[in-house]
Structures are given as structure tokens and as C-alpha cells.
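Colleague: input-v3.cif is reproduced below (mmCIF, C-alpha atoms and all ligand atoms).
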```
data_model
#
loop_
_atom_site.group_PDB
_atom_site.id
_atom_site.type_symbol
_atom_site.label_atom_id
_atom_site.label_comp_id
_atom_site.auth_asym_id
_atom_site.auth_seq_id
_atom_site.Cartn_x
_atom_site.Cartn_y
_atom_site.Cartn_z
ATOM 1 C CA MET A 52 -15.849 2.126 11.151
ATOM 2 C CA THR A 53 -12.371 1.188 12.337
ATOM 3 C CA GLU A 54 -10.542 4.207 13.716
ATOM 4 C CA MET A 55 -7.184 4.867 12.071
ATOM 5 C CA VAL A 56 -4.649 6.992 13.906
ATOM 6 C CA ILE A 57 -1.530 7.328 11.817
ATOM 7 C CA ASP A 58 1.193 9.946 12.128
ATOM 8 C CA LYS A 59 2.004 10.954 8.528
ATOM 9 C CA ARG A 60 5.333 12.506 9.442
ATOM 10 C CA ARG A 61 6.455 9.143 10.798
ATOM 11 C CA VAL A 62 5.100 7.374 7.718
ATOM 12 C CA ALA A 63 7.101 9.702 5.442
ATOM 13 C CA GLU A 64 10.263 9.306 7.540
ATOM 14 C CA SER A 65 9.950 5.544 7.716
ATOM 15 C CA PHE A 66 9.491 5.131 3.943
ATOM 16 C CA SER A 67 12.212 7.686 3.167
ATOM 17 C CA ARG A 68 14.650 5.715 5.317
ATOM 18 C CA ALA A 69 13.689 2.492 3.514
ATOM 19 C CA ALA A 70 14.060 3.887 -0.029
ATOM 20 C CA SER A 71 17.334 2.122 -0.864
ATOM 21 C CA SER A 72 16.333 -1.265 0.639
ATOM 22 C CA TYR A 73 12.702 -1.303 -0.573
ATOM 23 C CA ASP A 74 13.118 -2.827 -4.032
ATOM 24 C CA GLN A 75 15.098 -5.868 -2.823
ATOM 25 C CA ALA A 76 12.343 -6.697 -0.306
ATOM 26 C CA ALA A 77 9.316 -5.855 -2.464
ATOM 27 C CA GLU A 78 8.600 -9.026 -4.423
ATOM 28 C CA PHE A 79 5.060 -9.292 -3.031
ATOM 29 C CA GLN A 80 4.433 -5.577 -3.683
ATOM 30 C CA ARG A 81 5.533 -6.040 -7.317
ATOM 31 C CA GLN A 82 3.144 -8.980 -7.669
ATOM 32 C CA VAL A 83 0.212 -6.986 -6.271
ATOM 33 C CA GLY A 84 0.916 -3.931 -8.453
ATOM 34 C CA SER A 85 1.355 -6.115 -11.551
ATOM 35 C CA ASN A 86 -2.013 -7.762 -10.856
ATOM 36 C CA LEU A 87 -3.567 -4.311 -10.562
ATOM 37 C CA LEU A 88 -1.976 -3.183 -13.820
ATOM 38 C CA ALA A 89 -3.316 -6.324 -15.520
ATOM 39 C CA ARG A 90 -6.855 -5.420 -14.398
ATOM 40 C CA LEU A 91 -6.884 -2.130 -16.315
ATOM 41 C CA PRO A 92 -9.166 -2.340 -19.360
ATOM 42 C CA GLU A 93 -7.311 -3.226 -22.551
ATOM 43 C CA ARG A 94 -8.855 -0.442 -24.605
ATOM 44 C CA PHE A 95 -8.222 2.274 -22.056
ATOM 45 C CA ALA A 96 -5.728 4.848 -23.406
ATOM 46 C CA PRO A 97 -5.041 7.401 -20.678
ATOM 47 C CA GLN A 98 -2.846 10.409 -21.379
ATOM 48 C CA ALA A 99 -2.604 12.220 -18.048
ATOM 49 C CA ILE A 100 -1.449 9.591 -15.559
ATOM 50 C CA ILE A 101 -0.557 9.691 -11.865
ATOM 51 C CA ASP A 102 1.169 7.004 -9.806
ATOM 52 C CA LEU A 103 -0.021 7.868 -6.310
ATOM 53 C CA GLY A 104 2.212 6.663 -3.456
ATOM 54 C CA CYS A 105 4.719 5.707 -6.132
ATOM 55 C CA GLY A 106 7.554 4.751 -3.736
ATOM 56 C CA THR A 107 10.669 3.843 -5.711
ATOM 57 C CA GLY A 108 8.812 4.371 -9.002
ATOM 58 C CA TYR A 109 8.640 0.753 -10.171
ATOM 59 C CA PHE A 110 5.036 1.165 -11.377
ATOM 60 C CA THR A 111 5.622 4.737 -12.545
ATOM 61 C CA ARG A 112 8.074 3.234 -15.030
ATOM 62 C CA ALA A 113 5.733 0.326 -15.847
ATOM 63 C CA LEU A 114 2.876 2.766 -16.569
ATOM 64 C CA THR A 115 5.145 4.920 -18.779
ATOM 65 C CA GLN A 116 6.094 1.838 -20.728
ATOM 66 C CA ARG A 117 2.543 0.530 -21.074
ATOM 67 C CA TYR A 118 0.908 3.790 -22.142
ATOM 68 C CA GLN A 119 3.886 5.544 -23.763
ATOM 69 C CA GLN A 120 3.043 8.713 -21.844
ATOM 70 C CA PRO A 121 4.978 10.614 -19.186
ATOM 71 C CA VAL A 122 3.700 9.650 -15.726
ATOM 72 C CA MET A 123 3.812 11.790 -12.601
ATOM 73 C CA GLY A 124 4.854 10.032 -9.389
ATOM 74 C CA LEU A 125 3.377 11.414 -6.170
ATOM 75 C CA ASP A 126 4.477 10.338 -2.712
ATOM 76 C CA LEU A 127 4.481 11.555 0.862
ATOM 77 C CA ALA A 128 8.113 10.465 1.362
ATOM 78 C CA GLU A 129 10.694 12.765 -0.184
ATOM 79 C CA GLY A 130 13.406 10.119 0.210
ATOM 80 C CA MET A 131 11.390 7.693 -1.916
ATOM 81 C CA LEU A 132 11.023 10.305 -4.672
ATOM 82 C CA ARG A 133 14.742 11.129 -4.645
ATOM 83 C CA PHE A 134 15.486 7.432 -5.076
ATOM 84 C CA ALA A 135 12.798 7.042 -7.775
ATOM 85 C CA ASN A 136 14.269 9.989 -9.684
ATOM 86 C CA SER A 137 17.744 8.451 -9.584
ATOM 87 C CA GLN A 138 16.389 5.221 -11.123
ATOM 88 C CA SER A 139 14.260 6.730 -13.865
ATOM 89 C CA ILE A 140 14.335 8.439 -17.196
ATOM 90 C CA ALA A 141 13.999 12.212 -17.380
ATOM 91 C CA GLU A 142 10.400 12.070 -18.666
ATOM 92 C CA SER A 143 8.890 11.234 -15.270
ATOM 93 C CA SER A 144 8.219 13.968 -12.762
ATOM 94 C CA TRP A 145 8.104 13.535 -9.005
ATOM 95 C CA VAL A 146 6.061 15.543 -6.544
ATOM 96 C CA VAL A 147 5.857 15.328 -2.768
ATOM 97 C CA ALA A 148 2.149 15.102 -2.057
ATOM 98 C CA ASP A 149 -0.390 13.667 0.342
ATOM 99 C CA ALA A 150 -3.140 11.507 -1.165
ATOM 100 C CA GLU A 151 -5.569 13.279 1.151
ATOM 101 C CA ALA A 152 -4.668 16.717 -0.292
ATOM 102 C CA LEU A 153 -3.829 16.200 -3.948
ATOM 103 C CA PRO A 154 -2.163 19.154 -5.709
ATOM 104 C CA LEU A 155 -4.030 18.389 -8.945
ATOM 105 C CA LYS A 156 -6.446 20.470 -10.980
ATOM 106 C CA THR A 157 -10.087 19.394 -11.010
ATOM 107 C CA GLY A 158 -10.825 17.093 -13.946
ATOM 108 C CA SER A 159 -7.208 17.010 -15.112
ATOM 109 C CA GLN A 160 -6.329 13.275 -14.971
ATOM 110 C CA ASP A 161 -7.283 10.164 -16.960
ATOM 111 C CA LEU A 162 -5.755 7.532 -14.679
ATOM 112 C CA ILE A 163 -4.742 7.547 -11.033
ATOM 113 C CA PHE A 164 -2.918 4.313 -10.237
ATOM 114 C CA SER A 165 -2.015 3.544 -6.636
ATOM 115 C CA SER A 166 -0.637 0.265 -5.364
ATOM 116 C CA LEU A 167 -0.393 -0.519 -1.647
ATOM 117 C CA ALA A 168 -0.252 3.110 -0.558
ATOM 118 C CA LEU A 169 -3.782 4.149 0.427
ATOM 119 C CA GLN A 170 -3.889 1.825 3.462
ATOM 120 C CA TRP A 171 -1.605 4.452 5.019
ATOM 121 C CA CYS A 172 -4.301 7.135 4.775
ATOM 122 C CA PRO A 173 -6.141 7.779 8.042
ATOM 123 C CA ASP A 174 -9.048 9.243 6.047
ATOM 124 C CA LEU A 175 -9.474 6.994 3.019
ATOM 125 C CA LEU A 176 -12.757 8.608 1.984
ATOM 126 C CA ARG A 177 -10.987 11.938 1.701
ATOM 127 C CA ALA A 178 -8.298 10.372 -0.516
ATOM 128 C CA LEU A 179 -10.981 8.776 -2.708
ATOM 129 C CA THR A 180 -12.971 11.981 -3.118
ATOM 130 C CA GLN A 181 -9.755 13.879 -3.916
ATOM 131 C CA ALA A 182 -9.007 11.338 -6.641
ATOM 132 C CA ALA A 183 -12.577 11.547 -7.985
ATOM 133 C CA GLN A 184 -12.244 15.313 -8.201
ATOM 134 C CA ALA A 185 -8.913 15.165 -10.044
ATOM 135 C CA LEU A 186 -10.232 12.716 -12.655
ATOM 136 C CA ARG A 187 -11.899 13.641 -15.925
ATOM 137 C CA PRO A 188 -15.291 12.093 -16.711
ATOM 138 C CA GLY A 189 -14.537 8.524 -17.833
ATOM 139 C CA GLY A 190 -11.273 8.576 -15.836
ATOM 140 C CA CYS A 191 -10.176 5.683 -13.657
ATOM 141 C CA LEU A 192 -8.826 5.263 -10.147
ATOM 142 C CA ALA A 193 -7.106 1.873 -9.931
ATOM 143 C CA PHE A 194 -5.823 1.013 -6.476
ATOM 144 C CA SER A 195 -4.815 -1.890 -4.310
ATOM 145 C CA THR A 196 -5.007 -1.784 -0.559
ATOM 146 C CA LEU A 197 -4.830 -4.124 2.431
ATOM 147 C CA VAL A 198 -7.879 -5.144 4.416
ATOM 148 C CA GLU A 199 -8.568 -6.892 7.705
ATOM 149 C CA GLY A 200 -6.981 -10.323 7.977
ATOM 150 C CA THR A 201 -3.633 -8.991 6.772
ATOM 151 C CA LEU A 202 -0.711 -10.112 8.953
ATOM 152 C CA THR A 203 -3.216 -11.805 11.226
ATOM 153 C CA GLU A 204 -0.633 -14.379 12.397
ATOM 154 C CA LEU A 205 1.737 -11.618 13.563
ATOM 155 C CA GLN A 206 -1.091 -9.748 15.224
ATOM 156 C CA GLN A 207 -2.294 -12.861 17.061
ATOM 157 C CA ALA A 208 1.232 -13.811 18.104
ATOM 158 C CA TRP A 209 1.860 -10.340 19.578
ATOM 159 C CA GLN A 210 -1.509 -10.455 21.297
ATOM 160 C CA THR A 211 -0.443 -13.510 23.273
ATOM 161 C CA VAL A 212 2.874 -11.831 24.204
ATOM 162 C CA ASP A 213 1.759 -8.446 25.534
ATOM 163 C CA GLY A 214 -1.682 -7.506 24.199
ATOM 164 C CA PHE A 215 -0.369 -4.410 22.375
ATOM 165 C CA VAL A 216 -1.176 -3.345 18.795
ATOM 166 C CA HIS A 217 2.116 -4.132 17.056
ATOM 167 C CA VAL A 218 0.631 -4.548 13.616
ATOM 168 C CA ASN A 219 -0.981 -1.825 11.493
ATOM 169 C CA ARG A 220 -4.773 -1.907 11.593
ATOM 170 C CA PHE A 221 -6.417 -2.810 8.344
ATOM 171 C CA MET A 222 -9.980 -1.844 7.491
ATOM 172 C CA PRO A 223 -12.713 -4.511 7.361
ATOM 173 C CA LEU A 224 -13.779 -5.203 3.774
ATOM 174 C CA ALA A 225 -17.371 -4.117 4.530
ATOM 175 C CA ASP A 226 -16.131 -0.698 5.725
ATOM 176 C CA LEU A 227 -14.009 -0.327 2.603
ATOM 177 C CA GLN A 228 -16.972 -1.144 0.378
ATOM 178 C CA GLN A 229 -19.077 1.414 2.195
ATOM 179 C CA LEU A 230 -16.454 4.102 1.496
ATOM 180 C CA LEU A 231 -16.202 3.084 -2.159
ATOM 181 C CA ALA A 232 -19.945 3.611 -2.516
ATOM 182 C CA MET A 233 -19.698 7.072 -0.948
ATOM 183 C CA ALA A 234 -16.738 8.415 -2.946
ATOM 184 C CA GLY A 235 -18.535 9.912 -5.945
ATOM 185 C CA PHE A 236 -17.621 7.425 -8.677
ATOM 186 C CA GLY A 237 -20.156 6.154 -11.205
ATOM 187 C CA ARG A 238 -19.173 2.497 -11.073
ATOM 188 C CA TRP A 239 -16.587 0.468 -9.260
ATOM 189 C CA HIS A 240 -15.422 -3.078 -8.811
ATOM 190 C CA CYS A 241 -13.599 -4.582 -5.820
ATOM 191 C CA GLU A 242 -12.070 -8.037 -5.568
ATOM 192 C CA VAL A 243 -10.014 -9.506 -2.743
ATOM 193 C CA GLU A 244 -6.916 -11.618 -3.383
ATOM 194 C CA GLU A 245 -5.398 -13.656 -0.570
ATOM 195 C CA HIS A 246 -1.619 -13.986 -0.663
ATOM 196 C CA VAL A 247 0.169 -16.236 1.816
ATOM 197 C CA LEU A 248 3.915 -15.622 2.020
ATOM 198 C CA ARG A 249 6.175 -18.207 3.687
ATOM 199 C CA TYR A 250 9.257 -17.706 5.811
ATOM 200 C CA ALA A 251 11.758 -20.155 7.273
ATOM 201 C CA GLN A 252 12.053 -17.983 10.396
ATOM 202 C CA LEU A 253 10.062 -15.110 11.889
ATOM 203 C CA SER A 254 13.110 -12.858 11.466
ATOM 204 C CA GLY A 255 12.652 -13.209 7.689
ATOM 205 C CA LEU A 256 9.267 -11.479 7.966
ATOM 206 C CA THR A 257 10.259 -8.808 10.489
ATOM 207 C CA GLN A 258 13.430 -7.893 8.560
ATOM 208 C CA GLU A 259 11.420 -7.658 5.361
ATOM 209 C CA LEU A 260 8.876 -5.304 6.957
ATOM 210 C CA LYS A 261 11.749 -3.151 8.176
ATOM 211 C CA ALA A 262 13.431 -3.066 4.753
ATOM 212 C CA LEU A 263 10.101 -1.993 3.224
ATOM 213 C CA GLY A 264 9.612 0.799 5.770
ATOM 214 C CA ALA A 265 6.269 -0.781 6.617
ATOM 215 C CA HIS A 266 6.597 -0.735 10.383
ATOM 216 C CA ASN A 267 3.598 -0.485 12.608
ATOM 217 C CA LEU A 268 2.887 3.224 12.968
ATOM 218 C CA ASN A 269 -0.573 3.036 14.522
ATOM 219 C CA ALA A 270 -1.206 4.752 17.802
ATOM 220 C CA GLY A 271 -1.268 2.153 20.567
ATOM 221 C CA ARG A 272 2.046 0.588 19.636
ATOM 222 C CA PRO A 273 4.276 0.223 22.692
ATOM 223 C CA GLY A 274 7.293 2.521 22.996
ATOM 224 C CA GLY A 275 10.865 1.374 23.656
ATOM 225 C CA LEU A 276 12.913 -1.406 22.229
ATOM 226 C CA THR A 277 11.738 -4.935 21.674
ATOM 227 C CA GLY A 278 13.462 -6.794 24.500
ATOM 228 C CA ARG A 279 15.050 -10.185 23.935
ATOM 229 C CA ALA A 280 12.581 -11.966 26.171
ATOM 230 C CA ARG A 281 9.621 -10.494 24.332
ATOM 231 C CA LEU A 282 11.129 -11.409 20.988
ATOM 232 C CA ARG A 283 11.671 -14.976 22.211
ATOM 233 C CA ALA A 284 8.046 -15.111 23.370
ATOM 234 C CA LEU A 285 6.882 -13.743 20.013
ATOM 235 C CA THR A 286 8.949 -16.278 18.082
ATOM 236 C CA GLN A 287 7.477 -19.075 20.193
ATOM 237 C CA ALA A 288 3.901 -17.804 19.711
ATOM 238 C CA TYR A 289 4.381 -17.489 15.939
ATOM 239 C CA GLU A 290 5.678 -21.076 15.779
ATOM 240 C CA SER A 291 2.118 -22.275 16.495
ATOM 241 C CA PHE A 292 1.285 -21.244 12.899
ATOM 242 C CA ARG A 293 4.144 -23.249 11.344
ATOM 243 C CA GLN A 294 3.212 -25.447 8.390
ATOM 244 C CA PRO A 295 5.401 -27.881 6.423
ATOM 245 C CA ALA A 296 6.178 -25.059 3.929
ATOM 246 C CA GLY A 297 7.248 -22.649 6.693
ATOM 247 C CA LEU A 298 5.784 -19.799 8.714
ATOM 248 C CA PRO A 299 2.842 -18.208 6.896
ATOM 249 C CA ALA A 300 2.132 -14.467 6.675
ATOM 250 C CA THR A 301 -1.274 -13.766 5.182
ATOM 251 C CA TYR A 302 -2.133 -10.647 3.198
ATOM 252 C CA GLN A 303 -5.695 -9.781 2.138
ATOM 253 C CA VAL A 304 -5.372 -7.481 -0.849
ATOM 254 C CA ALA A 305 -8.342 -5.541 -2.221
ATOM 255 C CA GLN A 306 -7.922 -4.725 -5.924
ATOM 256 C CA ILE A 307 -10.227 -1.902 -6.929
ATOM 257 C CA LEU A 308 -11.141 -0.182 -10.181
ATOM 258 C CA MET A 309 -13.346 2.915 -9.986
ATOM 259 C CA PHE A 310 -14.621 4.894 -12.962
ATOM 260 C CA LYS A 311 -15.867 8.440 -12.961
ATOM 261 C CA GLU A 312 -19.122 8.826 -14.855
ATOM 262 C CA SER A 313 -18.710 10.254 -18.368
HETATM 263 C C1 LIG A 401 4.305 0.028 0.336
HETATM 264 S S1 LIG A 401 4.849 1.468 -0.501
HETATM 265 C C2 LIG A 401 4.224 1.175 -2.162
HETATM 266 C C3 LIG A 401 5.069 1.851 -3.199
HETATM 267 C C4 LIG A 401 4.704 1.518 -4.642
HETATM 268 N N1 LIG A 401 3.363 1.956 -4.970
HETATM 269 C C5 LIG A 401 4.839 0.039 -4.884
HETATM 270 O O1 LIG A 401 3.819 -0.627 -5.131
HETATM 271 O O2 LIG A 401 5.979 -0.468 -4.825
HETATM 272 C C6 LIG A 401 3.734 2.732 0.107
HETATM 273 C C7 LIG A 401 4.091 4.136 -0.374
HETATM 274 O O3 LIG A 401 2.981 4.990 -0.078
HETATM 275 C C8 LIG A 401 3.483 6.233 0.372
HETATM 276 N N2 LIG A 401 2.436 6.917 1.153
HETATM 277 C C9 LIG A 401 1.977 6.605 2.396
HETATM 278 N N3 LIG A 401 1.006 7.449 2.765
HETATM 279 C C10 LIG A 401 0.829 8.317 1.735
HETATM 280 C C11 LIG A 401 -0.020 9.456 1.538
HETATM 281 N N4 LIG A 401 -0.903 9.849 2.475
HETATM 282 N N5 LIG A 401 0.084 10.127 0.364
HETATM 283 C C12 LIG A 401 0.970 9.744 -0.583
HETATM 284 N N6 LIG A 401 1.807 8.685 -0.443
HETATM 285 C C13 LIG A 401 1.740 7.988 0.710
HETATM 286 C C14 LIG A 401 4.710 5.850 1.185
HETATM 287 O O4 LIG A 401 5.589 6.941 1.385
HETATM 288 C C15 LIG A 401 5.303 4.731 0.315
HETATM 289 O O5 LIG A 401 6.227 5.210 -0.615
#
```
Please go through the file and, once you have read it, give me the structure as C-alpha cells.
Modeller:
Amino acid sequence: MTEMVIDKRRVAESFSRAASSYDQAAEFQRQVGSNLLARLPERFAPQAIIDLGCGTGYFTRALTQRYQQPVMGLDLAEGMLRFANSQSIAESSWVVADAEALPLKTGSQDLIFSSLALQWCPDLLRALTQAAQALRPGGCLAFSTLVEGTLTELQQAWQTVDGFVHVNRFMPLADLQQLLAMAGFGRWHCEVEEHVLRYAQLSGLTQELKALGAHNLNAGRPGGLTGRARLRALTQAYESFRQPAGLPATYQVAQILMFKES
């Protein structure tokens, strides 16, 4: 299995700092979460609902609207929750929480929705088993996450510049599927969507990642500032991927529905 070394304090700080810029940069994230929402069974009528890694609360609000129930937003980043609270109606509640240590009663939830958050968990199996425990029989964990092949152009470009890990590591699909099978759910379904975003310049991508708070926080990233020469070398290396429509940035998104046995 791919080793994940992520400092959660840095993750929380980085996302908290990005809270006010996130929504303007998050078009792709909205698309992925909307696709996940659309995958939920039509006849499913959950009452106790969690949006795990809710960020600015966009999908917390969407879930409230769809199911006409109050939804609880959980996130590691307090700054994100403060922002989400300022954007939302009083019915939602917001709790600082780690997906790997959920403060939820056993068998208390019908739906745990989580879009593009669980790739930040160093121990995904722990997060999955926590979710399984919090769900009632028949309950659903619906989550999207990123797998290997994501931001591969950026990773390859950096590799030619200095050989360091500048891009977050994403789990191979086979490893993810192995964890899904081990997590204690009765049945599950996983499908991968490829999204290729296009940018006129590399700075468009790097500024977007910064605005989202989605910097590389893996161990093995080099310290210090990105020098001008290195940035020039990176820009040049990335140009080798240019296509008529612009510079591509590929995301491999796993969309997963898991149901606890009734
Ligand atoms: C890319 S944002 C996604 C936000 C929102 N779900 C969306 O789709 O717009 C990832 C969020 O996951 C949160 N997060 C990261 N690790 C987490 C953890 N271990 N437990 C809970 N939330 C976490 C971050 O603080 C951030 O708000």
C-alpha cells in the first residue's frame, strides 16, 4: 500500500486560510460533488445526515435542500466551518472533527456524504470503519476521492526539475478497492471519472491550488521558497504537455457508494 504521511495540523491550517477564496476557485470540486449527489439512490430518504469534510458548506446546503432535513457539517479546519456558518441558514450545525475519529454515536446516521475530503486522511481504512460504525443498518456512505494519476502532469514536470515530491500522493485504485472491501460495509460500488482541466498558463493551476488550500502537504516536499529559476524550469517542463486547448491537469476521481447491511 502507498504510505501516506500527512500532517493534519498543516492540513487544517491550510484549508482554514483558504476559506474565503475557496468557493471562487472550486468549480471542479462543485462538479465532482454534484456528480456524487446525483449518484445517491432516488428513493433514499435519510433523516440524520452528515457532510464530512464539508469545507465552505456548499454541499451541506445542497443536502439540506434535497432532503429537507438539517445537516451537520464536520471538518478538520475551524476556519472553514466559521466561513460555512456565515454563509448558511441557522438549521445547519458545524462541528470541528477528524474523519478518523468521528464524534458520532454508533448507529446514529443515515447518510454520510463526503466530497473530496477523505484523500487527506493518512489512514483511510480508519475513516471508513468510523463511518461504518456511525451508520445505521441500511445507511449509506457516499464519498468522492482522488486516486493515482491525479495531477500527473504537475508531478512529472516537478520530477524533471528537482526530483522532489511536490504533489500530494494519491492512492492507486487497486489499493482503494482493497480498503473498501475491508471496511465492514455490506455492498459498495466504485467508479472512476477522469476530469481534464485546461489552463492557459501554469500559474492558473498553481494559483487555483493555493486558493483552494490544496497545497502539497506530504512529507518529502522540499522546504523553502520556490526560486525563480526553479519556477522557470517547471513552467518549461509543463509546456511539454501543452495541447491546442491549453495546459491539461488531469484528475482521477473515484465516486463511491457504500451501504451498511440492514
Ligand atoms: C477540497 S475540500 C472539500 C470541501 C467540500 N467537501 C467540497 O466539496 O467543496 C477538503 C476539506 O476536507 C477537510 N479535511 C481534510 N482532512 C480532514 C479530516 N481528516 N477530517 C475532516 N475533514 C478533513 C479540509 O479541511 C477541507 O475543508
Colleague: With distances taken over only C-alpha atoms, which of A:Leu260, A:Leu179, A:Val83, A:Ala69 is nearest to Leu167 (chain A)?
Modeller: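 For Leu167 (chain A), the nearest of the candidates is A:Val83.
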Colleague: Pick out the closest residue to Ile163 (chain A) from this set: A:Ala113, A:Phe194, A:Gly108, A:Val243. Count all atoms listed in the file.
Modeller: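 Of A:Ala113, A:Phe194, A:Gly108, A:Val243, the one nearest Ile163 (chain A) is A:Phe194, counting all atoms listed in the file.
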Colleague: Give the residue list for ligand LIG 401 (chain A) at 6 Å, counting all atoms listed in the file, as a list in words, sorted by chain and then by residue number.
Modeller: Ala63, Phe66, Gln80, Gly84, Gly104, Cys105, Gly106, Asp126, Leu127, Ala128, Met131, Ala148, Asp149, Ala150, Glu151, Ser165, Ser166, Leu167, Ala168, Trp171 and Cys172 of chain A
Colleague: Which residue, A:Ala284, A:Leu263, A:Leu162, A:Met222, has the smallest gap to Arg68 (chain A) when you use all atoms listed in the file?
Modeller: A:Leu263
Colleague: Step by step, work through what the PyMOL selection byres (((chain A and resi 111) around 8) and not hetatm) selects in the shown file, and finish by giving those residues as number ranges by chain.
Modeller: A: 101-102, 105, 108-110, 112-115, 122-124, 143
Colleague: Which residues fall under the PyMOL selection byres (((chain A and resi 294-303) around 7) and not hetatm) in this file, as a PyMOL selection string?
Modeller: chain A and resi 197-204+243-252+292-293+304-305
Colleague: With all atoms of region 179-182 of chain A from the file as input, state the centre and edge lengths in Å to one decimal of the axis-aligned box that has 8 Å extra on each side, as JSON.
Modeller:
```
{"center_x": -11.0, "center_y": 11.3, "center_z": -4.7, "size_x": 20.0, "size_y": 21.1, "size_z": 19.9}
```
Colleague: One number please: CA of Tyr289 (chain A) to CA of Gln206 (chain A), in Å, one decimal.
Modeller: 9.5 Å
Colleague: Using the chain letters and numbering of this document, enumerate as a list in words the residues selected by the PyMOL selection byres (((chain A and resi 75) around 12) and not hetatm).
Modeller: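 Applying the PyMOL selection byres (((chain A and resi 75) around 12) and not hetatm) to the structure shown produces Ala69, Ala70, Ser71, Ser72, Tyr73, Asp74, Ala76, Ala77, Glu78, Phe79, Gln80, Arg81, Thr107, Tyr109, Gln258, Glu259, Leu260, Lys261, Ala262 and Leu263 of chain A.
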Colleague: May I ask which of the residues A:Leu285, A:Met233, A:Leu192, A:Leu103 is the closest one to Ile307 (chain A), counting all atoms listed in the file?
Modeller: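 Closest to Ile307 (chain A) of all the choices is A:Leu192.
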Colleague: What does the distance between CA of Leu88 (chain A) and CA of Cys191 (chain A) come to in Å, to one decimal place?
Modeller: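 That distance, rounded to one decimal, is 12.1 Å.
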Colleague: With distances taken over only C-alpha atoms, which residue among A:Gly235, A:Ala182, A:Leu125, A:Leu253 lies nearest Glu290 (chain A)?
Modeller: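 Result for the nearest residue to Glu290 (chain A): A:Leu253.
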Colleague: In Å to one decimal, how far is CA of Phe310 (chain A) from CA of Thr196 (chain A)?
Modeller: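 One can read the CA of Thr196 (chain A) to CA of Phe310 (chain A) distance as 17.1 Å.
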Colleague: Would you mind listing what lies within 9 Å of His240 (chain A) as an mmCIF file with C-alpha atoms, keeping the file's coordinate frame, with all atoms listed in the file counted and same-chain residues fewer than 3 positions away left out?
Modeller:
```
data_model
loop_
_atom_site.group_PDB
_atom_site.id
_atom_site.type_symbol
_atom_site.label_atom_id
_atom_site.label_comp_id
_atom_site.auth_asym_id
_atom_site.auth_seq_id
_atom_site.Cartn_x
_atom_site.Cartn_y
_atom_site.Cartn_z
ATOM 1 C CA GLN A 306 -7.922 -4.725 -5.924
ATOM 2 C CA ILE A 307 -10.227 -1.902 -6.929
ATOM 3 C CA LEU A 308 -11.141 -0.182 -10.181
ATOM 4 C CA MET A 309 -13.346 2.915 -9.986
#
```
Colleague: Given all atoms listed in the file as the basis, pick out the residue of A:Leu87, A:Ala208, A:Ala265, A:Val146 nearest to Val62 (chain A).
Modeller: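 Once distances to Val62 (chain A) are computed over all atoms listed in the file, the minimum belongs to A:Ala265.
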Colleague: Can you list, as a PyMOL selection string, every protein, DNA or RNA residue that comes within 7 Å of Leu186 (chain A) when you count only C-alpha atoms, leaving out same-chain residues fewer than 2 positions away?
Modeller: chain A and resi 157-161+182-184+188+190
Colleague: Counting all atoms listed in the file, find residues at most 10 Å from (-6.0, 2.7, -21.9) (file frame) and give them as a PyMOL selection string.
Modeller: chain A and resi 91-98+117-118+161-162+190-191
